Each structure stands twice: as C-alpha cells, then as structure tokens.
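Peer 1: If it helps, the file is called input00.txt and holds compact mmCIF, C-alpha atoms:
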# COMPACT_ATOMS: atom_id res chain seq x y z
CA MET A 220 -40.99 -24.64 -46.48
CA ARG A 221 -43.55 -23.42 -43.99
CA SER A 222 -41.47 -24.74 -41.10
CA PHE A 223 -38.36 -22.99 -42.40
CA LEU A 224 -39.13 -19.55 -41.00
CA PRO A 225 -39.80 -20.63 -37.41
CA ALA A 226 -36.65 -22.75 -37.54
CA LEU A 227 -34.67 -19.74 -38.72
CA LEU A 228 -36.18 -17.58 -35.99
CA LEU A 229 -35.34 -20.18 -33.37
CA MET A 230 -31.76 -20.31 -34.59
CA MET A 231 -31.44 -16.60 -33.93
CA PHE A 232 -32.01 -17.26 -30.27
CA THR A 233 -29.47 -20.04 -29.78
CA PRO A 234 -26.96 -17.70 -28.10
CA LEU A 235 -29.49 -17.25 -25.30
CA ALA A 236 -29.32 -20.97 -24.64
CA PHE A 237 -25.63 -20.59 -23.80
CA ALA A 238 -26.26 -17.79 -21.32
CA ILE A 239 -24.21 -18.24 -18.18
CA ASP A 240 -25.59 -17.76 -14.70
CA ALA A 241 -29.16 -17.35 -15.80
CA GLY A 242 -31.12 -15.67 -13.07
CA ARG A 243 -29.93 -13.10 -10.61
CA ALA A 244 -27.44 -13.82 -7.87
CA PHE A 245 -28.74 -11.17 -5.48
CA ASP A 246 -32.13 -9.64 -4.80
CA ASP A 247 -30.51 -6.33 -3.96
CA PRO A 248 -29.96 -4.56 -7.32
CA GLU A 249 -26.95 -2.66 -5.96
CA LEU A 250 -25.24 -5.86 -4.86
CA GLN A 251 -26.12 -7.52 -8.16
CA ALA A 252 -24.54 -4.59 -10.05
CA ARG A 253 -21.33 -4.86 -7.99
CA TYR A 254 -21.27 -8.63 -8.54
CA GLU A 255 -21.60 -8.25 -12.30
CA GLU A 256 -18.95 -5.54 -12.34
CA ILE A 257 -16.49 -7.72 -10.46
CA ILE A 258 -16.97 -10.88 -12.51
CA SER A 259 -16.44 -8.97 -15.74
CA GLU A 260 -13.16 -7.57 -14.35
CA VAL A 261 -11.70 -10.93 -13.36
CA ARG A 262 -9.98 -13.31 -15.72
CA CYS A 263 -10.94 -16.95 -15.77
CA LEU A 264 -7.60 -18.63 -15.08
CA GLN A 265 -8.63 -21.84 -16.80
CA CYS A 266 -9.46 -20.18 -20.10
CA GLN A 267 -7.39 -17.06 -20.00
CA ASN A 268 -9.13 -14.99 -22.62
CA GLU A 269 -12.50 -15.11 -20.94
CA SER A 270 -13.75 -13.21 -17.95
CA LEU A 271 -15.44 -15.00 -15.10
CA LYS A 272 -18.68 -13.60 -16.43
CA ASP A 273 -18.24 -15.20 -19.85
CA SER A 274 -16.84 -18.53 -18.81
CA ASN A 275 -18.46 -21.83 -18.05
CA ALA A 276 -15.24 -23.53 -16.97
CA PHE A 277 -15.78 -25.04 -13.56
CA LEU A 278 -13.09 -22.90 -12.00
CA ALA A 279 -15.06 -19.85 -13.14
CA VAL A 280 -18.19 -21.36 -11.62
CA ASP A 281 -16.31 -21.94 -8.34
CA LEU A 282 -14.85 -18.45 -8.31
CA ARG A 283 -18.24 -16.86 -9.00
CA ARG A 284 -19.61 -18.84 -6.06
CA GLU A 285 -16.78 -17.57 -3.82
CA ILE A 286 -17.34 -13.98 -4.96
CA ARG A 287 -21.07 -14.29 -4.23
CA ARG A 288 -20.22 -15.61 -0.78
CA LEU A 289 -17.77 -12.77 -0.07
CA LEU A 290 -20.24 -10.12 -1.25
CA SER A 291 -23.08 -11.56 0.79
CA GLU A 292 -20.74 -11.47 3.80
CA GLY A 293 -20.55 -7.72 3.25
CA LYS A 294 -17.01 -7.57 1.85
CA THR A 295 -16.03 -4.50 -0.18
CA ASP A 296 -14.99 -4.72 -3.85
CA ALA A 297 -11.38 -4.06 -2.86
CA GLU A 298 -11.49 -6.95 -0.39
CA VAL A 299 -12.87 -9.30 -3.06
CA TYR A 300 -10.11 -8.30 -5.49
CA GLU A 301 -7.55 -8.75 -2.73
CA PHE A 302 -8.90 -12.26 -2.07
CA LEU A 303 -8.35 -13.17 -5.72
CA VAL A 304 -4.94 -11.53 -6.07
CA GLN A 305 -3.64 -13.29 -2.96
CA ARG A 306 -4.49 -16.63 -4.53
CA TYR A 307 -3.99 -16.13 -8.24
CA GLY A 308 -1.80 -13.05 -8.51
CA GLU A 309 -2.34 -9.70 -10.21
CA PHE A 310 -2.80 -11.56 -13.53
CA ALA A 311 -6.32 -12.52 -12.48
CA LEU A 312 -7.43 -8.90 -12.82
CA TYR A 313 -7.94 -7.47 -16.30
CA ARG A 314 -6.97 -4.09 -14.92
CA PRO A 315 -4.05 -4.69 -12.55
CA ARG A 316 -4.04 -2.39 -9.57
CA MET A 317 -1.40 0.31 -9.31
CA SER A 318 1.35 -1.02 -7.06
CA GLY A 319 5.12 -1.36 -6.89
CA ARG A 320 4.96 -4.53 -8.95
CA THR A 321 2.67 -3.22 -11.67
CA ILE A 322 3.90 0.37 -11.87
CA VAL A 323 5.85 -0.44 -15.06
CA LEU A 324 2.65 -1.62 -16.74
CA TRP A 325 0.94 1.63 -15.94
CA LEU A 326 3.77 4.02 -16.70
CA ALA A 327 5.25 2.37 -19.80
CA PRO A 328 2.61 3.76 -22.21
CA LEU A 329 3.09 7.29 -20.87
CA LEU A 330 6.85 6.92 -21.06
CA LEU A 331 6.70 5.65 -24.66
CA LEU A 332 4.34 8.49 -25.58
CA GLY A 333 6.86 10.93 -24.12
CA VAL A 334 9.74 9.37 -26.07
CA GLY A 335 7.65 9.50 -29.25
CA ALA A 336 6.80 13.16 -28.65
CA VAL A 337 10.47 14.09 -28.18
CA VAL A 338 11.49 12.21 -31.34
CA ALA A 339 8.66 13.78 -33.36
CA PHE A 340 9.53 17.25 -32.07
CA ARG A 341 13.20 16.89 -32.99
CA VAL A 342 12.42 15.50 -36.46
CA VAL A 343 9.96 18.30 -37.20
CA ARG A 344 12.37 20.96 -35.97
CA GLY A 345 15.16 19.44 -38.08
CA ARG A 346 12.95 19.55 -41.17
CA MET A 347 11.99 23.15 -40.48
CA ALA A 348 15.66 24.12 -40.60
CA LEU A 349 16.02 22.69 -44.13
CA PRO A 350 16.17 25.20 -47.00
CA ILE A 351 12.96 25.70 -48.90
CA ASP A 352 14.48 26.72 -52.24
CA ASP A 353 15.81 24.31 -54.88
CA GLU A 354 19.35 25.59 -54.77
CA THR A 355 22.13 23.71 -53.15
CA ASP A 356 22.51 24.71 -49.56
CA PRO A 357 25.92 26.31 -49.19
CA GLU A 358 26.33 25.06 -45.65
CA THR A 359 25.43 21.38 -45.90
CA GLY A 360 26.04 20.94 -49.62
CA SER A 361 22.84 18.95 -50.01
CA SER A 362 20.21 19.68 -52.61
CA ALA A 363 16.49 20.02 -51.96
CA GLU A 364 15.77 18.92 -55.53
CA GLY A 365 13.87 15.76 -54.70
CA ARG A 366 11.45 17.62 -52.51
CA ALA A 367 10.85 20.48 -54.91
CA THR A 368 7.83 18.94 -56.59
CA ASP A 369 5.42 19.43 -53.73
CA ARG A 370 6.02 23.15 -53.53
CA PRO A 371 4.63 25.82 -55.83
CA MET B 286 26.31 12.13 -34.76
CA LYS B 287 27.63 9.97 -37.61
CA LEU B 288 26.57 6.94 -35.60
CA ARG B 289 22.93 7.96 -35.47
CA PHE B 290 21.95 5.29 -37.95
CA LEU B 291 23.02 2.76 -35.32
CA LEU B 292 20.24 3.89 -33.01
CA PRO B 293 17.48 1.70 -34.54
CA VAL B 294 19.91 -1.21 -34.59
CA ALA B 295 20.62 -0.67 -30.90
CA VAL B 296 16.90 -0.47 -30.08
CA PHE B 297 16.35 -3.67 -32.06
CA ALA B 298 19.18 -5.37 -30.20
CA ILE B 299 17.57 -4.44 -26.89
CA LEU B 300 14.07 -5.50 -27.92
CA LEU B 301 15.13 -8.81 -29.47
CA PRO B 302 15.97 -10.62 -26.21
CA VAL B 303 12.86 -9.15 -24.59
CA PHE B 304 10.61 -10.56 -27.33
CA LEU B 305 12.52 -13.84 -27.47
CA PHE B 306 12.05 -14.22 -23.72
CA GLY B 307 8.36 -13.49 -24.17
CA LEU B 308 8.05 -16.07 -26.95
CA MET B 309 9.80 -18.79 -24.96
CA ARG B 310 7.54 -18.36 -21.98
CA ASP B 311 4.38 -20.39 -21.71
CA PRO B 312 1.70 -17.78 -20.98
CA SER B 313 -0.51 -20.39 -19.36
CA GLU B 314 2.06 -20.91 -16.60
CA LEU B 315 1.43 -18.33 -13.92
CA PRO B 316 3.82 -17.66 -11.08
CA SER B 317 2.15 -18.56 -7.81
CA PRO B 318 1.73 -15.68 -5.37
CA LEU B 319 2.05 -18.32 -2.65
CA LEU B 320 5.76 -18.90 -3.31
CA ASN B 321 7.86 -18.49 -0.16
CA LYS B 322 4.72 -17.79 1.83
CA ALA B 323 2.90 -19.99 4.29
CA ALA B 324 0.82 -22.61 2.52
CA PRO B 325 -2.89 -22.29 3.27
CA GLU B 326 -4.12 -24.60 5.98
CA PHE B 327 -6.86 -27.05 5.20
CA ALA B 328 -8.71 -30.04 6.60
CA LEU B 329 -10.92 -32.15 4.36
CA PRO B 330 -12.45 -35.62 4.43
CA SER B 331 -10.22 -38.30 2.96
CA VAL B 332 -11.00 -39.80 -0.45
CA GLN B 333 -11.03 -43.34 0.87
CA ASP B 334 -12.78 -42.75 4.17
CA PRO B 335 -15.24 -39.83 4.45
CA SER B 336 -15.04 -39.96 8.25
CA ALA B 337 -11.25 -39.50 8.31
CA THR B 338 -9.68 -36.06 7.95
CA VAL B 339 -6.72 -35.19 5.76
CA GLY B 340 -5.17 -31.78 6.19
CA SER B 341 -2.13 -29.58 6.46
CA ASP B 342 -1.53 -30.79 10.04
CA ASP B 343 -0.65 -34.23 8.69
CA TYR B 344 2.58 -33.11 7.05
CA ALA B 345 3.57 -30.35 9.45
CA GLY B 346 7.25 -30.43 10.40
CA GLN B 347 8.50 -32.29 7.32
CA PHE B 348 9.13 -31.76 3.65
CA ALA B 349 6.08 -32.85 1.68
CA LEU B 350 4.52 -32.71 -1.75
CA VAL B 351 0.91 -31.63 -2.15
CA ASN B 352 -0.23 -32.97 -5.49
CA VAL B 353 -3.48 -31.73 -7.06
CA TRP B 354 -5.09 -34.53 -9.05
CA ALA B 355 -8.35 -35.70 -10.53
CA THR B 356 -9.54 -38.65 -12.54
CA TRP B 357 -10.63 -36.36 -15.42
CA CYS B 358 -7.10 -35.01 -15.70
CA VAL B 359 -4.97 -36.59 -18.44
CA GLY B 360 -1.73 -35.12 -17.14
CA CYS B 361 -2.38 -36.77 -13.78
CA ARG B 362 -2.48 -40.14 -15.50
CA HIS B 363 0.85 -39.30 -17.15
CA GLU B 364 2.61 -38.49 -13.91
CA HIS B 365 1.01 -41.25 -11.87
CA ASP B 366 3.72 -43.82 -12.51
CA PHE B 367 6.41 -41.39 -11.49
CA LEU B 368 4.51 -40.54 -8.30
CA LEU B 369 4.45 -44.27 -7.52
CA THR B 370 8.21 -44.43 -8.09
CA LEU B 371 8.76 -41.47 -5.75
CA ALA B 372 6.59 -43.11 -3.10
CA GLU B 373 8.45 -46.40 -3.50
CA ARG B 374 11.78 -44.63 -3.05
CA GLU B 375 10.35 -43.00 0.07
CA ALA B 376 11.84 -39.79 -1.27
CA ILE B 377 9.20 -37.55 0.24
CA PRO B 378 5.67 -37.99 1.60
CA ILE B 379 3.10 -37.15 -1.08
CA TYR B 380 -0.31 -35.82 -0.09
CA GLY B 381 -3.05 -35.74 -2.68
CA LEU B 382 -5.63 -33.02 -3.15
CA ASN B 383 -8.35 -34.67 -5.18
CA TRP B 384 -9.87 -31.67 -6.93
CA ARG B 385 -13.42 -31.41 -8.26
CA ASP B 386 -13.79 -35.15 -8.73
CA SER B 387 -16.20 -37.93 -7.90
CA ARG B 388 -15.30 -40.00 -4.87
CA GLU B 389 -16.19 -43.29 -6.57
CA GLU B 390 -14.02 -42.55 -9.61
CA ALA B 391 -11.15 -41.41 -7.43
CA LYS B 392 -11.27 -44.56 -5.30
CA LYS B 393 -11.34 -46.72 -8.41
CA TRP B 394 -8.34 -44.83 -9.84
CA LEU B 395 -6.27 -45.47 -6.71
CA GLU B 396 -7.26 -49.12 -6.59
CA GLN B 397 -6.50 -49.80 -10.23
CA LEU B 398 -3.38 -47.68 -10.71
CA GLY B 399 -1.88 -47.85 -7.24
CA ASP B 400 -1.86 -45.24 -4.50
CA PRO B 401 1.29 -43.11 -4.18
CA TYR B 402 -0.29 -40.86 -1.57
CA VAL B 403 0.07 -40.97 2.18
CA ALA B 404 -3.50 -39.69 2.04
CA SER B 405 -5.71 -37.85 -0.41
CA ALA B 406 -8.04 -35.05 0.62
CA PHE B 407 -11.37 -34.86 -1.17
CA ASP B 408 -12.08 -31.31 -2.38
CA ALA B 409 -15.40 -31.85 -4.12
CA ASP B 410 -16.42 -28.20 -4.58
CA GLY B 411 -12.93 -26.78 -5.16
CA THR B 412 -12.89 -24.46 -2.12
CA VAL B 413 -9.46 -25.58 -0.91
CA GLY B 414 -8.26 -25.50 -4.51
CA ILE B 415 -9.15 -21.81 -4.67
CA ASP B 416 -7.29 -21.13 -1.42
CA TRP B 417 -4.22 -22.73 -2.98
CA GLY B 418 -4.62 -20.81 -6.23
CA VAL B 419 -5.15 -24.01 -8.19
CA TYR B 420 -6.27 -23.38 -11.77
CA GLY B 421 -5.57 -26.70 -13.40
CA ALA B 422 -4.38 -30.19 -12.72
CA PRO B 423 -1.88 -31.61 -12.15
CA GLU B 424 -0.21 -29.06 -9.90
CA THR B 425 2.42 -29.99 -7.36
CA PHE B 426 3.48 -27.90 -4.37
CA LEU B 427 6.69 -28.46 -2.44
CA ILE B 428 6.13 -27.63 1.22
CA ALA B 429 8.94 -26.99 3.71
CA PRO B 430 8.84 -28.30 7.29
CA ASP B 431 7.83 -24.82 8.51
CA GLY B 432 4.87 -24.82 6.11
CA THR B 433 6.17 -22.42 3.45
CA VAL B 434 5.65 -23.13 -0.24
CA LEU B 435 9.12 -23.70 -1.76
CA HIS B 436 7.99 -24.46 -5.29
CA LYS B 437 4.94 -24.96 -7.45
CA HIS B 438 5.08 -27.15 -10.53
CA LEU B 439 2.36 -26.88 -13.17
CA SER B 440 2.64 -29.90 -15.43
CA PRO B 441 3.09 -33.64 -14.92
CA LEU B 442 5.93 -34.47 -12.58
CA THR B 443 8.83 -36.39 -14.11
CA GLU B 444 12.21 -37.64 -12.91
CA GLU B 445 13.85 -34.74 -14.75
CA VAL B 446 11.64 -32.12 -13.14
CA TRP B 447 12.16 -33.74 -9.76
CA GLN B 448 15.96 -33.66 -10.14
CA GLN B 449 16.04 -30.13 -11.55
CA ASP B 450 13.37 -28.22 -9.68
CA PHE B 451 12.60 -30.09 -6.48
CA LEU B 452 15.73 -31.74 -5.10
CA PRO B 453 17.94 -28.62 -5.24
CA ARG B 454 15.28 -26.64 -3.40
CA ILE B 455 14.96 -29.29 -0.71
CA ASN B 456 18.73 -29.44 -0.29
CA ALA B 457 19.01 -25.65 -0.17
CA ALA B 458 16.27 -25.43 2.46
CA ARG B 459 17.98 -28.19 4.47
CA GLY B 460 21.30 -26.37 4.31
CA GLN B 461 19.94 -23.19 5.87
Translate the structure of the given file into structure tokens.

Peer 2:
Amino acid sequence: MRSFLPALLLMMFTPLAFAIDAGRAFDDPELQARYEEIISEVRCLQCQNESLKDSNAFLAVDLRREIRRLLSEGKTDAEVYEFLVQRYGEFALYRPRMSGRTIVLWLAPLLLLGVGAVVAFRVVRGRMALPIDDETDPETGSSAEGRATDRP
Amino acid sequence: MKLRFLLPVAVFAILLPVFLFGLMRDPSELPSPLLNKAAPEFALPSVQDPSATVGSDDYAGQFALVNVWATWCVGCRHEHDFLLTLAEREAIPIYGLNWRDSREEAKKWLEQLGDPYVASAFDADGTVGIDWGVYGAPETFLIAPDGTVLHKHLSPLTEEVWQQDFLPRINAARGQ
C-alpha cells in the first residue's frame, strides 16, 4: 500500500513521456516562438486531425525538420507556408489563406449569416403585423386564438 | 406565395447532392497541387548501388511512372504483382522512389518479389518525398515526356486503375 501513492503520482506524469520534440529547436526565443506557431498551424497529412506539433508520424517529423531548416535559412513565415502549400496544397494549413481558390470558404459563413438575418427580419416583421386581439381578423380570416394564452 | 412551403424542399434538394458528394469522397485523398505542373527534379543514390544516381533526368523525354514505395507499406505489397505485370508488358518505364526505408530491407524485397523498376531511388530521410508532396505510400505519379505531372494515384495500382485513369491520359497527351 505504501508504494501505491508514488505509483499513482508517477502515472500522473505519463503524458510528459509522450511529449514530442523535447528540447528547443532554436536558441533564439523569437525564432523558437515562430517555429512553434507555424507547426501548430500546419496539419500533419499522415494523420489529418493532428497538427505537426502534436504528431509523431514520421512525415510530421520530416516536415518539422524542413521547417526548422527553412527558418534557420532566414525564410519568412509566409515563405514557409508557401513551401508547404506548393507541395501539399491549401489543405495543409488549418487556416487556409485568403485567395481566389479559398474565397468561398471565407465568405460562406458571412453570406449564410446575411441570409439568416434577412429571413429572421422578415419573419419577425410578419409576426408584428399579426393582430394582437383574440378576434378573427377580418382581412385574413384567421384566428389568433391559439396564441392568446401567453398574453394578459 | 402559395408555393412558399416548397422553399425548404428546394433547399433540401440542392443540399442533398452536395452532402452526398461529400460523403462519397474519401477525405484522406488529397488533390495534388503538382497536377499539370512540372514534376520536381531530383537525383538520389540508387537502392541497389549507393554509388549510382537515379533521378528525374533518367526518364526525361518519355512517359514514365514514378512509384513511391517502401517495405513497411502493405499497399505496396498489394500492387507489386501488378507493377511486375506492367513491367513485363513494357507498357511504360517505372521508376521507384523508395521512401523512408532501410536499404537492406528494400534490396531484399526486390530480390525476393522481383524488381519491376528501371531503377529505384533511395530517399532515406524523405526530403524528395516532401518535394513531391508525398504523404503516404503507395503513390504513383504519371509523368509526361515534357516532365509535367499528368496524374497522381493514391492507392495500390491495379489493372482497372491503369485502364481507367492512366491509359486515357497517356493517349490524350499523345494526341495533342
């Protein structure tokens, strides 16, 4: 029983044993920050729901090595992303860049929001035009009876 | 205005094919950005002979297949017999890109199973694989005589795939 507690404590630290890329890639903290930013923004193509940062697949290992090489050669972030997109396509980036090919991705949510707003506006305005009293509306012939309960 | 109730039905009718199309697609198959562009050049040591070089110069000026393979890859074992058949038929020169593999294992594989390749390049650290946008094996590229990528196939090559996806593209490129 005495050995139980240390064992339990050790078990709490098992995730650390699976840490990827232990140790820093760059001495320069600024470069290291850019490196970490990039690898968390790039999808591992071999295991598509993981970023390069989270993946131990060998393709992820290779791609991290290439990104380290590009950064140490003084390439900008945009150039590194371009390197990856040229080879693996826009899909490699978790946040596709705005371009002719991805414009639909970026604009579709706004467009749908707009459509929803128009629909909501029209529905609300239509409801506002309905009679508030319980009597049959002489114009439409419909009765507001069913809705009468929630009004004083 | 009487037909307003048809609106949701119409929206559903539009969305249905979109979702069906999405369901039918295999999300692990990515379109290659290399299609119809110049294939990346490379020069690597050969699998069999480290002092010999295998590279894009070897197949310049002809139709060729570049087949990404490895001994750890089950799909490569599946397609191997068909690659041998293709080589026997002398349908098209096949160049191997041995990806992230051990040289000893790769040599053994070719000795035991037969060698369909004109030559196999040995890409031990995957650098050339990255240039070609390789993210799994097997992958097969169809290269035109002028060096453009006509097609990329992402699973084991079979007679059916060859007839459907490769031959028509070769014939179309020839006809131009």

Peer 1: One decimal, in Å: what's the spacing between atom CA of B:Leu305 and atom CA of B:Pro293?

Peer 2: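 Calculated distance between atom CA of B:Leu305 and atom CA of B:Pro293 is 17.8 Å.
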
Peer 1: Check every residue of chain A for an atom within 6 Å of chain B, counting all atoms listed in the file, and provide those that qualify as a PyMOL selection string.

Peer 2: chain A and resi 264-265+306-308

Peer 1: Show which residues sit within 10 Å of stretch 338-346 of chain B, as a count of residues only. Count only C-alpha atoms, and ignore same-chain residues fewer than 2 positions away.

Peer 2: 31

Peer 1: When you draw a straight line from atom CA of A:Ala252 to atom CA of A:Asp281, how long is it in Å?

Peer 2: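 For atom CA of A:Ala252 relative to atom CA of A:Asp281, the distance reads 19.3 Å.
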
Peer 1: Could you tell me how far atom CA of B:His436 lies from atom CA of B:Asp450, in Å and to one decimal?

Peer 2: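 Distance between the two atoms: 7.9 Å.
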
Peer 1: Could you name the residues that touch A:Leu289 at 12 Å or less, counting all atoms listed in the file, but leaving out those on the same chain fewer than 2 positions away, as a list in words?

Peer 2: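 The residues that qualify are Leu250, Arg253, Tyr254, Ile257, Leu282, Arg283, Arg284, Glu285, Ile286, Arg287, Ser291, Glu292, Gly293, Lys294, Thr295, Asp296, Ala297, Glu298, Val299, Tyr300, Glu301, Phe302 and Leu303 of chain A.
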